[in-house]
$ cat input.tsv   # TSV, C-alpha atoms
chain	number	residue	atom	x	y	z
M	26	MET	CA	5.76	-41.47	7.66
M	27	ASN	CA	8.30	-39.08	6.15
M	28	LYS	CA	9.70	-36.01	7.91
M	29	ASP	CA	7.55	-33.57	5.98
M	30	GLU	CA	4.36	-35.33	7.05
M	31	GLN	CA	5.61	-35.47	10.64
M	32	LEU	CA	6.32	-31.77	10.56
M	33	ARG	CA	2.85	-30.99	9.26
M	34	ARG	CA	1.29	-33.00	12.06
M	35	LEU	CA	3.46	-31.19	14.56
M	36	LEU	CA	2.43	-27.82	13.20
M	37	ARG	CA	-1.23	-28.75	13.30
M	38	LEU	CA	-0.90	-28.94	17.09
M	39	LYS	CA	-0.66	-25.18	17.11
M	40	ARG	CA	-4.37	-25.06	16.31
M	41	TYR	CA	-4.94	-25.78	19.97
M	42	GLU	CA	-3.39	-22.52	21.07
M	43	LYS	CA	-6.41	-20.39	21.80
M	44	PRO	CA	-7.17	-17.39	23.99
M	45	GLU	CA	-8.89	-17.85	27.33
M	46	GLU	CA	-12.63	-18.37	27.68
M	47	GLY	CA	-14.70	-15.24	27.08
M	48	TYR	CA	-11.87	-13.46	25.25
M	49	PHE	CA	-13.88	-12.75	22.10
M	50	GLU	CA	-16.88	-11.27	23.94
M	51	GLN	CA	-14.52	-8.97	25.80
M	52	PHE	CA	-12.75	-8.25	22.53
M	53	LEU	CA	-15.93	-6.78	21.05
M	54	GLU	CA	-16.16	-4.31	23.91
M	55	ASP	CA	-12.49	-3.43	23.62
M	56	PHE	CA	-12.95	-2.97	19.89
M	57	HIS	CA	-15.77	-0.46	20.38
M	58	THR	CA	-13.58	1.59	22.70
M	59	TYR	CA	-10.66	1.39	20.29
M	60	GLN	CA	-12.87	2.40	17.39
M	61	ARG	CA	-14.14	5.52	19.13
M	62	LYS	CA	-10.62	6.47	20.15
M	63	SER	CA	-9.11	5.98	16.70
M	64	LEU	CA	-11.92	7.92	14.98
M	65	ALA	CA	-11.26	10.84	17.27
M	66	THR	CA	-7.50	10.87	16.80
M	67	GLN	CA	-6.89	9.89	13.18
M	68	SER	CA	-6.03	12.68	10.74
M	69	ALA	CA	-7.71	13.12	7.38
M	70	THR	CA	-4.42	12.40	5.56
M	71	SER	CA	-3.84	9.12	7.34
M	72	LEU	CA	-7.44	8.11	6.64
M	73	TRP	CA	-6.96	8.88	2.96
M	74	LEU	CA	-3.69	6.92	2.84
M	75	GLU	CA	-5.33	4.03	4.62
M	76	ARG	CA	-8.13	3.97	2.03
M	77	VAL	CA	-5.59	3.82	-0.79
M	78	GLN	CA	-3.71	1.01	0.98
M	79	THR	CA	-6.86	-0.98	1.60
M	80	ALA	CA	-8.03	-0.54	-1.97
M	81	LEU	CA	-4.64	-1.69	-3.24
M	82	SER	CA	-4.57	-4.69	-0.95
M	83	ALA	CA	-7.47	-6.07	-2.97
M	84	VAL	CA	-5.37	-5.88	-6.14
M	85	ARG	CA	-3.80	-9.21	-7.07
M	86	ARG	CA	-0.39	-7.66	-7.71
M	87	PRO	CA	0.04	-4.87	-5.17
M	88	VAL	CA	3.58	-4.13	-6.35
M	89	VAL	CA	2.35	-3.40	-9.87
M	90	ALA	CA	-0.37	-1.15	-8.51
M	91	TRP	CA	2.10	0.80	-6.36
M	92	SER	CA	4.45	1.15	-9.34
M	93	GLY	CA	1.61	2.55	-11.42
M	94	ILE	CA	0.76	5.09	-8.74
M	95	ALA	CA	4.43	6.08	-8.39
M	96	ALA	CA	4.76	6.53	-12.16
M	97	TYR	CA	1.59	8.64	-12.29
M	98	ALA	CA	2.78	10.77	-9.37
M	99	GLY	CA	6.16	11.24	-11.09
M	100	ILE	CA	4.52	12.42	-14.30
M	101	MET	CA	2.26	14.83	-12.41
M	102	ILE	CA	5.26	16.28	-10.55
M	103	LEU	CA	7.16	16.73	-13.83
M	104	VAL	CA	4.20	18.43	-15.48
M	105	HIS	CA	3.65	20.85	-12.61
M	106	ALA	CA	7.22	21.47	-11.49
M	107	TRP	CA	8.70	21.99	-14.98
M	108	PRO	CA	9.85	25.59	-15.66
M	109	ALA	CA	7.37	27.92	-17.32
M	110	PRO	CA	7.13	27.07	-21.01
M	111	ASP	CA	8.62	30.25	-22.50
M	112	HIS	CA	9.60	33.38	-20.63
M	113	ALA	CA	10.19	35.19	-23.86
M	114	ALA	CA	6.52	34.81	-24.62
M	115	ASN	CA	6.02	37.66	-22.19
M	116	ASN	CA	8.29	39.98	-24.14
M	117	VAL	CA	6.38	42.45	-26.24
M	118	ILE	CA	8.31	43.87	-29.10
M	119	ILE	CA	6.49	46.66	-30.80
M	120	ASN	CA	8.10	47.50	-34.05
M	121	LEU	CA	7.30	51.07	-34.93
M	122	GLY	CA	9.29	51.08	-38.10
M	123	GLY	CA	8.65	47.84	-39.87
M	124	GLY	CA	10.58	45.02	-38.30
M	125	SER	CA	12.76	43.76	-35.51
M	126	THR	CA	15.07	40.92	-34.85
M	127	ALA	CA	13.25	38.96	-32.31
M	128	SER	CA	14.25	35.61	-31.11
M	129	THR	CA	12.00	33.60	-28.88
M	130	SER	CA	14.79	31.94	-27.03
M	131	SER	CA	14.24	32.14	-23.30
M	132	GLN	CA	17.40	30.78	-21.72
M	133	GLY	CA	17.87	32.34	-18.31
M	134	GLY	CA	14.80	34.47	-18.77
M	135	MET	CA	16.61	36.86	-21.17
M	136	LEU	CA	15.90	37.39	-24.79
M	137	GLU	CA	19.15	36.66	-26.54
M	138	THR	CA	18.66	39.27	-29.16
M	139	PRO	CA	20.82	42.41	-29.06
M	140	LEU	CA	18.92	45.60	-28.80
M	141	PRO	CA	18.73	47.57	-32.02
M	142	PRO	CA	21.40	50.27	-32.16
M	143	SER	CA	18.68	52.92	-32.34
M	144	LEU	CA	17.68	52.13	-28.76
M	145	PRO	CA	19.59	53.41	-25.74
M	146	GLY	CA	22.10	50.79	-24.72
M	147	GLY	CA	21.56	49.02	-28.01
M	148	SER	CA	25.17	48.12	-28.49
M	149	LYS	CA	26.57	44.63	-28.58
M	150	GLY	CA	26.05	42.61	-25.47
M	151	ASN	CA	22.80	44.15	-24.19
M	152	PHE	CA	19.81	41.86	-23.99
M	153	ILE	CA	16.13	42.33	-23.41
M	154	PRO	CA	15.04	40.97	-20.05
M	155	ALA	CA	12.08	38.68	-20.15
M	156	GLY	CA	8.75	40.34	-19.57
M	157	ASN	CA	9.83	43.72	-20.90
M	158	THR	CA	8.20	45.79	-23.56
M	159	VAL	CA	10.60	47.22	-26.11
M	160	LEU	CA	9.71	49.82	-28.63
M	161	THR	CA	11.70	49.86	-31.82
M	162	SER	CA	11.55	51.79	-35.09
M	163	ASP	CA	14.39	50.06	-36.88
M	164	LYS	CA	13.18	49.75	-40.49
M	165	SER	CA	16.22	47.83	-41.60
M	166	SER	CA	15.48	44.98	-39.30
M	167	PRO	CA	13.75	42.02	-40.86
M	168	ALA	CA	10.33	40.91	-39.74
M	169	PRO	CA	10.25	38.83	-36.57
M	170	ALA	CA	11.31	35.34	-37.37
M	171	GLU	CA	9.76	32.38	-35.71
M	172	ALA	CA	12.25	30.06	-34.10
M	173	PRO	CA	12.42	26.78	-35.98
M	174	GLY	CA	10.58	23.94	-34.37
M	175	ARG	CA	8.85	26.14	-31.83
M	176	ARG	CA	5.12	26.51	-31.87
M	177	ARG	CA	3.85	30.02	-31.34
M	178	THR	CA	1.07	30.74	-28.99
M	179	ALA	CA	-1.76	33.05	-29.92
M	180	GLU	CA	-0.49	35.49	-27.29
M	181	GLN	CA	2.98	35.48	-28.84
M	182	SER	CA	1.58	36.16	-32.26
M	183	LEU	CA	-0.24	39.19	-30.92
M	184	ASP	CA	2.74	40.46	-28.96
M	185	THR	CA	5.09	40.48	-31.90
M	186	ARG	CA	2.65	41.86	-34.44
M	187	ASP	CA	3.93	44.57	-36.71
M	188	LEU	CA	2.50	47.85	-35.54
M	189	THR	CA	3.25	50.17	-38.41
M	190	SER	CA	0.53	52.50	-37.20
M	191	PRO	CA	1.30	52.53	-33.54
M	192	LEU	CA	-0.49	54.27	-30.77
M	193	PRO	CA	-0.56	58.07	-31.11
M	194	SER	CA	1.14	58.60	-27.80
M	195	LEU	CA	4.09	56.52	-28.91
M	196	GLN	CA	4.45	58.36	-32.22
M	197	SER	CA	4.89	61.67	-30.44
M	198	ASN	CA	8.17	60.36	-29.06
W	6	MET	CA	-20.64	-28.35	1.76
W	7	ALA	CA	-20.60	-26.02	-1.24
W	8	ASP	CA	-24.15	-24.95	-0.43
W	9	ALA	CA	-23.13	-24.18	3.15
W	10	ALA	CA	-20.26	-22.03	1.92
W	11	LEU	CA	-22.60	-20.23	-0.45
W	12	THR	CA	-25.07	-19.59	2.35
W	13	ASP	CA	-22.23	-18.35	4.50
W	14	LYS	CA	-21.19	-15.89	1.79
W	15	GLN	CA	-24.78	-14.78	1.27
W	16	GLU	CA	-25.16	-14.27	4.99
W	17	ASP	CA	-21.99	-12.18	5.02
W	18	ARG	CA	-23.22	-10.14	2.09
W	19	VAL	CA	-26.45	-9.30	3.89
W	20	LEU	CA	-24.53	-8.34	7.03
W	21	VAL	CA	-22.10	-6.19	5.03
W	22	GLU	CA	-24.95	-4.42	3.25
W	23	ARG	CA	-26.64	-3.72	6.55
W	24	ALA	CA	-23.37	-2.44	8.01
W	25	GLN	CA	-22.83	-0.26	4.93
W	26	GLU	CA	-26.24	1.28	5.57
W	27	GLY	CA	-25.13	2.14	9.10
W	28	ASP	CA	-26.27	-0.87	11.12
W	29	CYS	CA	-23.39	-1.27	13.56
W	30	SER	CA	-24.84	-4.42	15.13
W	31	ALA	CA	-24.44	-6.16	11.75
W	32	PHE	CA	-20.75	-5.33	11.81
W	33	ASP	CA	-20.53	-6.60	15.41
W	34	THR	CA	-21.91	-9.93	14.19
W	35	LEU	CA	-19.12	-10.06	11.60
W	36	VAL	CA	-16.56	-9.24	14.30
W	37	LEU	CA	-17.76	-12.07	16.53
W	38	LYS	CA	-17.89	-14.45	13.59
W	39	TYR	CA	-14.41	-13.84	12.22
W	40	SER	CA	-12.35	-12.75	15.22
W	41	PRO	CA	-11.39	-16.34	16.24
W	42	ARG	CA	-9.97	-17.16	12.80
W	43	LEU	CA	-8.23	-13.83	12.42
W	44	HIS	CA	-6.91	-14.03	15.96
W	45	SER	CA	-5.42	-17.43	15.13
W	46	LEU	CA	-3.76	-16.06	11.99
W	47	ILE	CA	-2.24	-13.04	13.72
W	48	TYR	CA	-1.26	-14.93	16.84
W	49	HIS	CA	0.62	-17.63	14.93
W	50	MET	CA	2.43	-14.98	12.95
W	51	THR	CA	3.40	-12.84	15.94
W	52	SER	CA	3.51	-15.37	18.82
W	53	HIS	CA	2.57	-12.46	21.03
W	54	ARG	CA	-0.77	-12.05	22.78
W	55	GLU	CA	-0.84	-8.27	23.27
W	56	ASP	CA	0.35	-7.58	19.75
W	57	THR	CA	-2.31	-9.94	18.45
W	58	HIS	CA	-5.00	-8.12	20.42
W	59	ASP	CA	-3.88	-4.70	19.15
W	60	LEU	CA	-3.54	-5.84	15.55
W	61	LEU	CA	-6.91	-7.58	15.58
W	62	GLN	CA	-8.57	-4.37	16.76
W	63	GLU	CA	-6.84	-2.42	14.03
W	64	VAL	CA	-7.90	-4.97	11.38
W	65	PHE	CA	-11.58	-4.63	12.27
W	66	ALA	CA	-11.34	-0.86	12.68
W	67	ARG	CA	-9.77	-0.56	9.26
W	68	ALA	CA	-12.34	-2.85	7.72
W	69	PHE	CA	-15.13	-0.78	9.25
W	70	ARG	CA	-13.66	2.50	8.01
W	71	ASN	CA	-13.28	1.09	4.50
W	72	LEU	CA	-16.50	-0.85	4.36
W	73	ARG	CA	-18.00	1.49	1.78
W	74	SER	CA	-15.21	0.60	-0.64
W	75	PHE	CA	-15.98	-3.11	-0.30
W	76	ARG	CA	-17.79	-4.04	-3.51
W	77	GLY	CA	-18.26	-7.72	-2.84
W	78	GLN	CA	-16.07	-8.99	-5.71
W	79	SER	CA	-14.47	-11.34	-3.22
W	80	GLY	CA	-16.03	-12.68	-0.05
W	81	PHE	CA	-15.95	-10.52	3.06
W	82	TYR	CA	-13.75	-13.10	4.78
W	83	THR	CA	-11.16	-13.04	1.96
W	84	TRP	CA	-11.20	-9.24	2.03
W	85	ILE	CA	-10.72	-8.89	5.78
W	86	TYR	CA	-8.23	-11.76	5.84
W	87	THR	CA	-6.14	-9.90	3.24
W	88	ILE	CA	-6.24	-6.77	5.40
W	89	ALA	CA	-5.13	-8.84	8.40
W	90	VAL	CA	-2.24	-10.49	6.54
W	91	ASN	CA	-0.95	-7.21	5.10
W	92	LEU	CA	-1.24	-5.38	8.40
W	93	THR	CA	0.55	-8.16	10.28
W	94	LEU	CA	3.31	-8.47	7.69
W	95	ASN	CA	3.88	-4.71	7.80
W	96	PHE	CA	3.96	-4.81	11.58
W	97	LEU	CA	6.48	-7.67	11.64
W	98	LYS	CA	8.67	-6.03	9.05
W	99	LYS	CA	8.77	-2.79	11.00
W	100	ARG	CA	9.77	-4.34	14.29
W	101	ASN	CA	11.73	-7.31	15.36
W	102	ARG	CA	9.66	-8.37	18.27
W	103	ARG	CA	10.84	-10.19	21.34
W	104	HIS	CA	9.62	-13.77	21.64
W	105	SER	CA	6.84	-13.85	24.13
W	106	ILE	CA	5.10	-17.15	24.14
W	107	SER	CA	1.68	-17.46	25.66
W	108	LEU	CA	1.96	-20.94	27.06
W	109	ASP	CA	-1.18	-20.63	29.12
W	110	ASP	CA	-3.20	-20.33	25.95
W	111	ILE	CA	-3.05	-23.96	24.96
W	112	ASP	CA	-6.47	-25.50	24.61
W	113	SER	CA	-6.86	-28.54	26.85
W	114	GLY	CA	-8.35	-30.34	23.85
W	115	VAL	CA	-4.85	-30.98	22.60
W	116	GLN	CA	-4.42	-33.65	25.31
W	117	ASN	CA	-7.02	-35.77	23.52
W	118	ASP	CA	-5.83	-35.07	20.00
W	119	GLY	CA	-4.91	-38.23	18.10
W	120	GLU	CA	-1.85	-36.66	16.52
W	121	PHE	CA	-0.57	-35.41	19.84
W	122	LEU	CA	-1.14	-38.78	21.51
W	123	GLU	CA	0.67	-40.52	18.70
W	124	LEU	CA	3.55	-38.06	18.84
W	125	THR	CA	3.97	-38.40	22.59
W	126	ALA	CA	3.75	-42.17	22.32
W	127	THR	CA	6.34	-42.54	19.61
W	128	SER	CA	8.73	-39.69	20.18
W	129	ASP	CA	10.92	-39.66	23.26
W	130	PRO	CA	11.82	-35.97	23.18
W	131	VAL	CA	8.15	-34.99	23.05
W	132	ARG	CA	7.28	-37.29	25.94
W	133	GLU	CA	10.15	-35.88	27.95
W	134	THR	CA	9.60	-32.23	27.33
W	135	GLY	CA	5.86	-32.16	27.60
W	136	LEU	CA	3.27	-30.16	25.83
W	137	ARG	CA	4.22	-26.68	26.94
W	138	GLU	CA	7.82	-27.20	26.04
W	139	LEU	CA	6.79	-28.50	22.64
W	140	GLN	CA	4.64	-25.43	22.06
W	141	ARG	CA	7.51	-23.20	23.03
W	142	HIS	CA	9.86	-24.94	20.62
W	143	LEU	CA	7.31	-24.77	17.84
W	144	ASN	CA	6.80	-21.05	18.37
W	145	GLU	CA	10.51	-20.36	18.55
W	146	ALA	CA	11.09	-22.29	15.35
W	147	LEU	CA	8.31	-20.37	13.60
W	148	GLN	CA	9.75	-17.05	14.75
W	149	LYS	CA	13.03	-17.95	13.08
W	150	LEU	CA	11.36	-18.07	9.68
W	151	SER	CA	11.11	-14.95	7.55
W	152	GLU	CA	7.74	-13.14	7.74
W	153	ASP	CA	6.73	-14.29	4.27
W	154	HIS	CA	7.60	-17.92	5.02
W	155	ARG	CA	5.84	-17.78	8.38
W	156	ALA	CA	2.73	-16.39	6.71
W	157	VAL	CA	2.43	-19.32	4.28
W	158	VAL	CA	3.14	-21.90	7.00
W	159	THR	CA	0.46	-20.32	9.21
W	160	MET	CA	-2.10	-20.24	6.44
W	161	PHE	CA	-1.35	-23.65	4.96
W	162	ASP	CA	-0.19	-25.90	7.79
W	163	ILE	CA	-1.96	-24.37	10.77
W	164	GLN	CA	-5.12	-22.91	9.25
W	165	GLY	CA	-5.46	-25.49	6.46
W	166	MET	CA	-5.98	-22.97	3.68
W	167	PRO	CA	-5.59	-24.15	0.04
W	168	HIS	CA	-2.67	-22.90	-2.09
W	169	ALA	CA	-5.00	-21.00	-4.42
W	170	ASP	CA	-6.51	-18.96	-1.57
W	171	ILE	CA	-3.08	-18.17	-0.12
W	172	SER	CA	-1.91	-17.08	-3.57
W	173	ARG	CA	-4.91	-14.75	-3.93
W	174	ILE	CA	-4.48	-13.23	-0.47
W	175	LEU	CA	-0.73	-12.68	-0.71
W	176	GLY	CA	-0.85	-11.51	-4.33
W	177	VAL	CA	1.78	-14.03	-5.47
W	178	SER	CA	1.57	-17.02	-7.79
W	179	GLU	CA	0.73	-20.50	-6.57
W	180	GLY	CA	4.24	-21.54	-7.58
W	181	THR	CA	5.67	-18.94	-5.22
W	182	VAL	CA	3.43	-20.19	-2.42
W	183	ARG	CA	4.63	-23.79	-2.98
W	184	SER	CA	8.24	-22.67	-3.17
W	185	ARG	CA	7.97	-20.69	0.08
W	186	LEU	CA	6.34	-23.67	1.77
W	187	HIS	CA	9.09	-25.97	0.56
W	188	TYR	CA	11.88	-23.77	1.95
W	189	ALA	CA	10.00	-23.06	5.18
W	190	HIS	CA	9.49	-26.81	5.74
W	191	LYS	CA	13.16	-27.51	5.13
W	192	GLN	CA	14.14	-24.89	7.68
W	193	LEU	CA	11.59	-26.11	10.22
W	194	GLN	CA	12.72	-29.71	9.80
W	195	SER	CA	16.21	-28.67	10.71
W	196	LEU	CA	15.03	-26.53	13.67
W	197	LEU	CA	12.71	-29.22	15.01
W	198	SER	CA	14.87	-32.23	14.19
W	199	ASP	CA	14.56	-33.48	17.81
W	200	TYR	CA	10.86	-34.02	17.32
W	201	LEU	CA	11.10	-35.71	13.94
W	202	ALA	CA	12.11	-39.34	13.71
$ encode --input "input.tsv" --output "C-alpha cells"
Amino acid sequence: MNKDEQLRRLLRLKRYEKPEEGYFEQFLEDFHTYQRKSLATQSATSLWLERVQTALSAVRRPVVAWSGIAAYAGIMILVHAWPAPDHAANNVIINLGGGSTASTSSQGGMLETPLPPSLPGGSKGNFIPAGNTVLTSDKSSPAPAEAPGRRRTAEQSLDTRDLTSPLPSLQSN
Amino acid sequence: MADAALTDKQEDRVLVERAQEGDCSAFDTLVLKYSPRLHSLIYHMTSHREDTHDLLQEVFARAFRNLRSFRGQSGFYTWIYTIAVNLTLNFLKKRNRRHSISLDDIDSGVQNDGEFLELTATSDPVRETGLRELQRHLNEALQKLSEDHRAVVTMFDIQGMPHADISRILGVSEGTVRSRLHYAHKQLQSLLSDYLA
C-alpha cells in the first residue's frame, strides 16, 4: 500500500469524530432561539447583502459574478457622479439686435465668450457666468454658432433663439 | 441506489415547498436531516466545537431566510452545503483560530473499524500513541493546511464526495480540485510521516 492510500485511510478515521448523543435534538432547539434572536437584531441592509451573497454562491464562478456587479456599480457611479452635462446650457442670451457671439463652452461654469462692448463691463476679459441671462443688441455680431461636435438640446435651441422682436418691456430700455 | 437518491431529492423538494409556504416544521425536518453531515463538514474544517455549533446555526438561519430564492435548480443539499462551505471559508479566512481539539467527540465505533485495527496492528507509532493522540495529530495536521486545501480534503477524503460535486460547490474546475488534493496530500504526508510506513 503506497503512502497516499495510507493517508486516505488515516483521514477516513476522522469520520468517527461525532458530537455527543442527543446533540442534534438539542441543536434544533438552540437553532430556534438563534433564529428568533437574529431576526430581531439583523438590519435591512445586512439582510439585503446576505441575499445577494447567497444568490451569488449558487453561481458556478462567484468571482466572475462579483466582477460583473463591481463593473455595473462602477458604471452607475460614473453616470450619476459625472458633472452636469453643460452649465452653459443654462445661459440665456437674448439678442435684441440680430446676433451674438455665443459659445457653449462650459469650463469652470463660465461662458468663455467676452461680453459685447455695448454691454456694461463688456471689455476684454469679462465673461458671462453660467446660468445668467444676458441681453444684447449688437447687430454686428454673427448669429450664435453651434460648437462643433456638440449636440444641442431643445432647451439650448430655445434659449439662444434670435429675438428680433423682443418683449416690449425690454425694448423700452 | 439512483432511485433512492431521486426519492431523497423529491422528498427534499416537497419539504422545501412546504417550508416556502410557511410550514416551519418542514424546515425543522430538513434541519434534523442535514445537520449531521453539515456539522461534520464544518467541524473538520474548523476543528472547534463551539465555532462549529455557531456556524451551523448561521448556515440554517441563512438558508431559512433565503429559502424563497431557492428555485430548485440544484438539490437542497447541494445548495445548503454550498452556503456552509462559503460561510466556513469566510470565517476561517477572517480569523486564525486557536487549535481546540474535541477529543471527547470520538465515536467509540472507531475501535472496531477495520482500518483503525489494521493501522494499530501494523504501525508502531499509532499503537504507542493511542487513538486520542492520533486524532489530535490528524487535526493539527489538517489545521496546517490552507483553508482551500482543507476544504477539499474534508469533502473528498473525510466525507467521500466526488470531484465533480466538490468542483460545483467550490465554483472551481475539477482540475483545480485534483490539484489542490494533490498538494494537500503531499503536505499531509510530510506532517504525518510518523504514521505512514
$ residues_around --input "input.tsv" --residues "Ala80 in chain M" --least-positions-apart "6" --cutoff "12 Å" --atoms "all atoms listed in the file" --output "PyMOL selection string"
(chain M and resi 73-74+86-87+90-91) or (chain W and resi 67-68+70-76+84-85+87-88)
$ interface_residues --input "input.tsv" --of "chain W" --to "chain M" --cutoff "8 Å" --atoms "only C-alpha atoms" --output "PyMOL selection string"
chain W and resi 33+36-37+40-41+45+49+62+65-67+71+74+84+87-88+91+110-115+120-121+140+143+162-164+173-177+190+193-194+201-202
$ write_last_selection --input "input.tsv" --atoms "C-alpha atoms" --output "compact mmCIF listing (two decimals), keeping the file's coordinate frame"
# COMPACT_ATOMS: atom_id res chain seq x y z
CA ASP W 33 -20.53 -6.60 15.41
CA VAL W 36 -16.56 -9.24 14.30
CA LEU W 37 -17.76 -12.07 16.53
CA SER W 40 -12.35 -12.75 15.22
CA PRO W 41 -11.39 -16.34 16.24
CA SER W 45 -5.42 -17.43 15.13
CA HIS W 49 0.62 -17.63 14.93
CA GLN W 62 -8.57 -4.37 16.76
CA PHE W 65 -11.58 -4.63 12.27
CA ALA W 66 -11.34 -0.86 12.68
CA ARG W 67 -9.77 -0.56 9.26
CA ASN W 71 -13.28 1.09 4.50
CA SER W 74 -15.21 0.60 -0.64
CA TRP W 84 -11.20 -9.24 2.03
CA THR W 87 -6.14 -9.90 3.24
CA ILE W 88 -6.24 -6.77 5.40
CA ASN W 91 -0.95 -7.21 5.10
CA ASP W 110 -3.20 -20.33 25.95
CA ILE W 111 -3.05 -23.96 24.96
CA ASP W 112 -6.47 -25.50 24.61
CA SER W 113 -6.86 -28.54 26.85
CA GLY W 114 -8.35 -30.34 23.85
CA VAL W 115 -4.85 -30.98 22.60
CA GLU W 120 -1.85 -36.66 16.52
CA PHE W 121 -0.57 -35.41 19.84
CA GLN W 140 4.64 -25.43 22.06
CA LEU W 143 7.31 -24.77 17.84
CA ASP W 162 -0.19 -25.90 7.79
CA ILE W 163 -1.96 -24.37 10.77
CA GLN W 164 -5.12 -22.91 9.25
CA ARG W 173 -4.91 -14.75 -3.93
CA ILE W 174 -4.48 -13.23 -0.47
CA LEU W 175 -0.73 -12.68 -0.71
CA GLY W 176 -0.85 -11.51 -4.33
CA VAL W 177 1.78 -14.03 -5.47
CA HIS W 190 9.49 -26.81 5.74
CA LEU W 193 11.59 -26.11 10.22
CA GLN W 194 12.72 -29.71 9.80
CA LEU W 201 11.10 -35.71 13.94
CA ALA W 202 12.11 -39.34 13.71
$ closest_residue --input "input.tsv" --among "W:Thr159, W:Gly77, W:Arg137, W:Ala24" --to "Leu43 in chain W" --atoms "all atoms listed in the file"
W:Thr159
$ atom_distance --input "input.tsv" --atom1 "CA of Leu61 in chain W" --atom2 "CA of Gln78 in chain W"
23.2 Å
$ atom_distance --input "input.tsv" --atom1 "CA of Ala146 in chain W" --atom2 "CA of Leu196 in chain W"
6.0 Å
$ residues_around --input "input.tsv" --residues "Phe96 in chain W" --least-positions-apart "2" --cutoff "12 Å" --atoms "all atoms listed in the file" --output "compact mmCIF listing (two decimals) with C-alpha atoms, keeping the file's coordinate frame"
# COMPACT_ATOMS: atom_id res chain seq x y z
CA ILE W 47 -2.24 -13.04 13.72
CA MET W 50 2.43 -14.98 12.95
CA THR W 51 3.40 -12.84 15.94
CA ASP W 56 0.35 -7.58 19.75
CA THR W 57 -2.31 -9.94 18.45
CA ASP W 59 -3.88 -4.70 19.15
CA LEU W 60 -3.54 -5.84 15.55
CA LEU W 61 -6.91 -7.58 15.58
CA GLU W 63 -6.84 -2.42 14.03
CA VAL W 64 -7.90 -4.97 11.38
CA ALA W 89 -5.13 -8.84 8.40
CA VAL W 90 -2.24 -10.49 6.54
CA ASN W 91 -0.95 -7.21 5.10
CA LEU W 92 -1.24 -5.38 8.40
CA THR W 93 0.55 -8.16 10.28
CA LEU W 94 3.31 -8.47 7.69
CA LYS W 98 8.67 -6.03 9.05
CA LYS W 99 8.77 -2.79 11.00
CA ARG W 100 9.77 -4.34 14.29
CA ASN W 101 11.73 -7.31 15.36
CA ARG W 102 9.66 -8.37 18.27
CA GLU W 152 7.74 -13.14 7.74
$ closest_residue --input "input.tsv" --among "W:Gly80, W:Tyr200, W:Ala169, W:Glu26" --to "Thr12 in chain W" --atoms "only C-alpha atoms"
W:Gly80
$ residues_around --input "input.tsv" --residues "Ile171 in chain W" --least-positions-apart "6" --cutoff "12 Å" --atoms "all atoms listed in the file" --output "number ranges by chain"
M: 85; W: 83, 86-87, 90, 153-154, 156-162, 164-165, 177-183, 185-186
$ atom_distance --input "input.tsv" --atom1 "CA of Gln25 in chain W" --atom2 "CA of Ile94 in chain M"
27.8 Å
